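*Asks:* Before anything else, here's the structure in question.
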Amino acid sequence: MKMSKKNKLREEELQRQRNDYSKPDEYKILRKKTIKELIAPSGVDTSNIDHLEIISNVTRYARSFFVSSLPRMCTFPELFRDMYLFGDINTSIYINPIQESRSQNELNRVINELETERIVAADRGNINRESTLGQKRLEAEQLRDEIAAGFNKLYEASIVATLFAYSLEDLDKYTKLLATEMSKSLVNVKSAWAMQEDAFQSNLPLMEDKIKKTHTFDRRSMGTVFPFTTSEVGHPSGIPLGINKQTGVPILFDNFHNSLTNYNMVIFAKSGAGKSVTMKTLISRSAVLMGIQSLALDAEGEYSIVAESLGGINVVLSPTSKTVINIFDIETEVVKDEITGRDRIVLSVENKVEDVTQALLTMARGSTRSGEVNELTKQIIAESVSEEYSAHGITSDPNSLYAATNDTLQGNMLGKEKKKMPTIGSWYKRIEAKAASNTNPDYNFHYSYLLKVMKQYIREYDGQMAYFDGQSTFDLLDGTLFINLDISQLEERFARPLAQQILLAWIWEKYVKKNSEDRSKAAKKRVLVDEAWMLLPYPEAVDFLNTMARRARKRNVSLAIISQRFQDFYEKPEAQAVLTSSDTKLFLAQDKSEIQYLKEVFKLSEGEADFLITCFKGEGLLKVGADSAIIQIQPTAKEFEFVETNLNKLAQMKSKNVRQTYLGG
């Protein structure tokens with residue numbers, strides 16, 4: 001009695017709370033007594049025999065269906081895929097296992113009936129029917145034996161669907177379209193005529209099948225009704241990048257497809273997971289099949305063989321090479337006039353001054369990233385760079401790049417030749433002169449600092465990093481399928497990242513800006529930055545990388561970033577703009593220490609994260625926009641001759657070729 005009284009008091013308190021309208025937000029949910037009340041619309045008109053009218057803020061029309069017949073055989077992929085993805089439709093499937101004793105009895109009955117009909121058909125001489133019935137009998141016997149051995153099982157399933165529209169005309173149109181689509185896979189759907197209310201309720205999350213229009217499935221065919229879906233990553237045209245491991249379908253990838261918001265891509269993977277092999281495969285196939293031009297900043301010396309195979313150019317930058325790249329090189333660019341829509345040639349000296357200043361700041365900071373470099377240092381550098389261009393008569397006028405000559409044709413301009421550019425050496429002499437005439441004590445330290453640390457870059461003083469001082473010794477030929485800039489022989493800790501930054505600015509001038517802003521006229525180009533993590537400790541380098549990532553699409557250029565240390569990008573917010581400016585992302589096998597950062601930034605599921613830790617070389621997760629797929633990249637045997645990077649395998653391949661040559665001789 002005591003418990004009963006307590007329960008009664010609790011019920012009265014709940015009822016009081018339900019009726020308490022002074023607190024509408026706190027107890028609103030308590031006034032709903034059932035699930036039906038929670039999900040029910042304002043009203044449902046059931047007066048029509050073949051559809052319902054759902055009355056709410058906007059009236060909607062609903063028509064429910066059931067599956068009336070199925071094909072004799074069900075195959076993967078999903079049997080009801082067209083129904084699941086039809087549009088504004090809900091589908092429910094009720095599955096009930098059939099007890100083995102009942103399934104055995106029913107199958108025995110079916111077998112006996114089929115055998116009787118087969119004998120009758122044989123007596124009448126109907127050979128075709130006799131053969132068909134004999135085949136069905138064998139299938140029924142096989143199924144019965146599998147169930148008896150525990151390898152199979154029978155199920156009863158009822159499939160109910162409800163289609164929605166905002167007008168009765170649209171509902172009728174969608175009904176015919178749904179029936180047509182489903183008939184392609186030999187599935188017949190019928191309107192639940194005179195049972196619309198029961199069918200509609202059967203399709204609500206109440207777990208109650210009120211129409212019970214069932215079909216019998218075995219275990220294998222039952223698996224075909226589940227809505228297994230996978231993103232169809234890829235494009236209608238492009239290069240075969242790899243195989244979708246979930247569907248077995250080749251993935252065609254077009255780096256410049258108009259469905260992409262930008263053309264940039266990033267590849268992250270641990271060492272040995274196949275980053276370079278993947279990129280070489282992409283470069284070579286896109287060059288041969290689509291004519292895409294690529295340029296690589298090769299930090300590890302892995303792409304020279306690709307340049308040779310594609311008939312491209314391989315440039316080696318090292319302390320002993322005679323190759324010179326002048327950071328002061330400036331080129332005109334073609335821009336589209338916003339008013340006339342026509343192309344016009346401009347020369348942006350201001351932007352170039354900023355790019356050169358950023359590079360010189362990185363040089364001045366050095367490998368120690370000295371804190372002595374500040375805004376005053378930057379001001380001195382920028383002023384001197386601007387004065388260098390002015391001293392050479394280079395202004396915003398494109399013609400200022402050229403000087404008059406007696407020759408008839410030079411530099412593609414009649415009677416003119418291109419001027420020699422300023423150099424780091426001439427800039428250094430200007431700094432010396434300005435330091436000697438300086439009367440401001442606030443600038444003394446900065447002049448002194450620059451004269452000391454920048455001497456290592458000056459050829460006149462035999463600087464160990466003087467390969468950026470002087471007029472450039474080569475030019476980038478437009479139309480070349482692959483250009484490789486090999487910086488692998490430079491010191492890794494500072495010289496290589498510095499070269500990456502300077503070469504990026506130089507590539508922008510010599511390679512990217514040559515493309516028109518009109519994509520119909522612009523060539524498709526790709527700029528690859530290998531081991532991009534090296535740039536991250538240097539703020540000016542990161543800033544230029546971000547700028548290039550944002551501006552590349554306008555010039556029909558794809559910036560491809562490859563790195564094995566994603567944690568460095570994660571811990572440097574300034575570098576994350578590169579990630580957000582890349583519509584295509586490829587993750588190959590990852591180290592356990594990196595996977596948590598990838599999960600957080602790219603919202604990977606637990607399954608995707610686990611796969612990336614355990615997957616094999618060449619396997620990974622490809623994300624193109626909002627779609628993703630498990631991909632396997634497998635170069636052909638011929639491609640492996642120039643994409644393989646494993647030294648042991650290369651030695652084996654070389655040895656095998658030597659033996660074959662010897663045996664053939």
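Following the order of the structure tokens, chains are lettered A, B, ..., residues in each are numbered from 1, and ligands are numbered from 1.
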Which polymer residues have any atom within 8 Å of an atom of Ala161 of chain A, counting only C-alpha atoms, with same-chain residues fewer than 2 positions away left out, as a PyMOL selection string?
*Replies:* chain A and resi 64-66+89-92+159+163+203
*Asks:* Taking N, CA, C and O atoms for each residue, export the selection above as a PDB file, in the first residue's frame.
*Replies:*
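Once written, result.pdb looks like this:
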ATOM      1  N   SER A  64       1.295   5.238 -50.789  1.00  0.00           N
ATOM      2  CA  SER A  64       2.094   4.110 -50.329  1.00  0.00           C
ATOM      3  C   SER A  64       1.989   2.945 -51.306  1.00  0.00           C
ATOM      4  O   SER A  64       0.966   2.757 -51.974  1.00  0.00           O
ATOM      5  N   PHE A  65       3.083   2.184 -51.388  1.00  0.00           N
ATOM      6  CA  PHE A  65       3.180   1.063 -52.311  1.00  0.00           C
ATOM      7  C   PHE A  65       3.669  -0.168 -51.558  1.00  0.00           C
ATOM      8  O   PHE A  65       4.259  -0.069 -50.478  1.00  0.00           O
ATOM      9  N   PHE A  66       3.458  -1.318 -52.173  1.00  0.00           N
ATOM     10  CA  PHE A  66       4.104  -2.536 -51.700  1.00  0.00           C
ATOM     11  C   PHE A  66       4.673  -3.264 -52.908  1.00  0.00           C
ATOM     12  O   PHE A  66       4.209  -3.090 -54.043  1.00  0.00           O
ATOM     13  N   ILE A  89      11.034   9.865 -50.838  1.00  0.00           N
ATOM     14  CA  ILE A  89      10.393   8.571 -50.616  1.00  0.00           C
ATOM     15  C   ILE A  89      10.953   7.937 -49.350  1.00  0.00           C
ATOM     16  O   ILE A  89      12.129   8.127 -49.015  1.00  0.00           O
ATOM     17  N   ASN A  90      10.112   7.257 -48.613  1.00  0.00           N
ATOM     18  CA  ASN A  90      10.528   6.473 -47.459  1.00  0.00           C
ATOM     19  C   ASN A  90      10.255   5.002 -47.746  1.00  0.00           C
ATOM     20  O   ASN A  90       9.220   4.661 -48.334  1.00  0.00           O
ATOM     21  N   THR A  91      11.163   4.142 -47.341  1.00  0.00           N
ATOM     22  CA  THR A  91      11.004   2.705 -47.578  1.00  0.00           C
ATOM     23  C   THR A  91      11.262   1.942 -46.292  1.00  0.00           C
ATOM     24  O   THR A  91      12.225   2.238 -45.574  1.00  0.00           O
ATOM     25  N   SER A  92      10.401   0.977 -46.011  1.00  0.00           N
ATOM     26  CA  SER A  92      10.562   0.111 -44.838  1.00  0.00           C
ATOM     27  C   SER A  92      10.554  -1.346 -45.293  1.00  0.00           C
ATOM     28  O   SER A  92       9.805  -1.709 -46.210  1.00  0.00           O
ATOM     29  N   ILE A 159       7.932  -5.378 -48.117  1.00  0.00           N
ATOM     30  CA  ILE A 159       8.565  -4.118 -48.522  1.00  0.00           C
ATOM     31  C   ILE A 159       7.484  -3.080 -48.779  1.00  0.00           C
ATOM     32  O   ILE A 159       6.606  -3.276 -49.638  1.00  0.00           O
ATOM     33  N   LEU A 163       5.611   7.499 -51.141  1.00  0.00           N
ATOM     34  CA  LEU A 163       6.108   8.558 -52.008  1.00  0.00           C
ATOM     35  C   LEU A 163       5.377   9.859 -51.675  1.00  0.00           C
ATOM     36  O   LEU A 163       4.163   9.856 -51.461  1.00  0.00           O
ATOM     37  N   ASN A 203       4.809   2.216 -42.690  1.00  0.00           N
ATOM     38  CA  ASN A 203       6.063   2.851 -43.095  1.00  0.00           C
ATOM     39  C   ASN A 203       6.542   3.890 -42.088  1.00  0.00           C
ATOM     40  O   ASN A 203       7.460   4.652 -42.369  1.00  0.00           O
TER      41      ASN A 203
END
*Asks:* For Val189 of chain A, list every protein, DNA or RNA residue within 7 Å, evaluated using only C-alpha atoms, and leave out those in the same chain fewer than 2 positions away; present the list as a PyMOL selection string.
*Replies:* chain A and resi 65-68+179+187+191
*Asks:* Skipping near chain neighbours, those fewer than 2 positions away, what residues fall within 9 Å of Asp218 of chain A using only C-alpha atoms, listed as a ChimeraX atom specification?
*Replies:* /A:143,152-156,216,220-223
*Asks:* Please provide the set of residues having any atom within 9 Å of Asn108 of chain A, restricted to only C-alpha atoms, with same-chain residues fewer than 5 positions apart removed, written as a list of chain:residue names.
*Replies:*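 With the cut-off at 9 Å, the set is A:Ser103, A:Glu113, A:Ala140, A:Glu141, A:Arg144.
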*Asks:* Could you check which of A:Leu204, A:Met421, A:Ala149, A:Ala121 is closest to Val385 of chain A, using only C-alpha atoms?
*Replies:* A:Met421
*Asks:* My list of candidates is A:Gly242, A:Gly234, A:Gly134, A:Gly620. Which is closest to Glu117 of chain A when distances are computed with only C-alpha atoms?
*Replies:*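 Looking at the shortest contact to Glu117 of chain A, the residue is A:Gly134.
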*Asks:* Quick one: pull the distance between atom CA of Ser563 of chain A and atom CA of Ala269 of chain A, Å, one decimal.
*Replies:*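 Interatomic distance, atom CA of Ser563 of chain A to atom CA of Ala269 of chain A: 6.9 Å.
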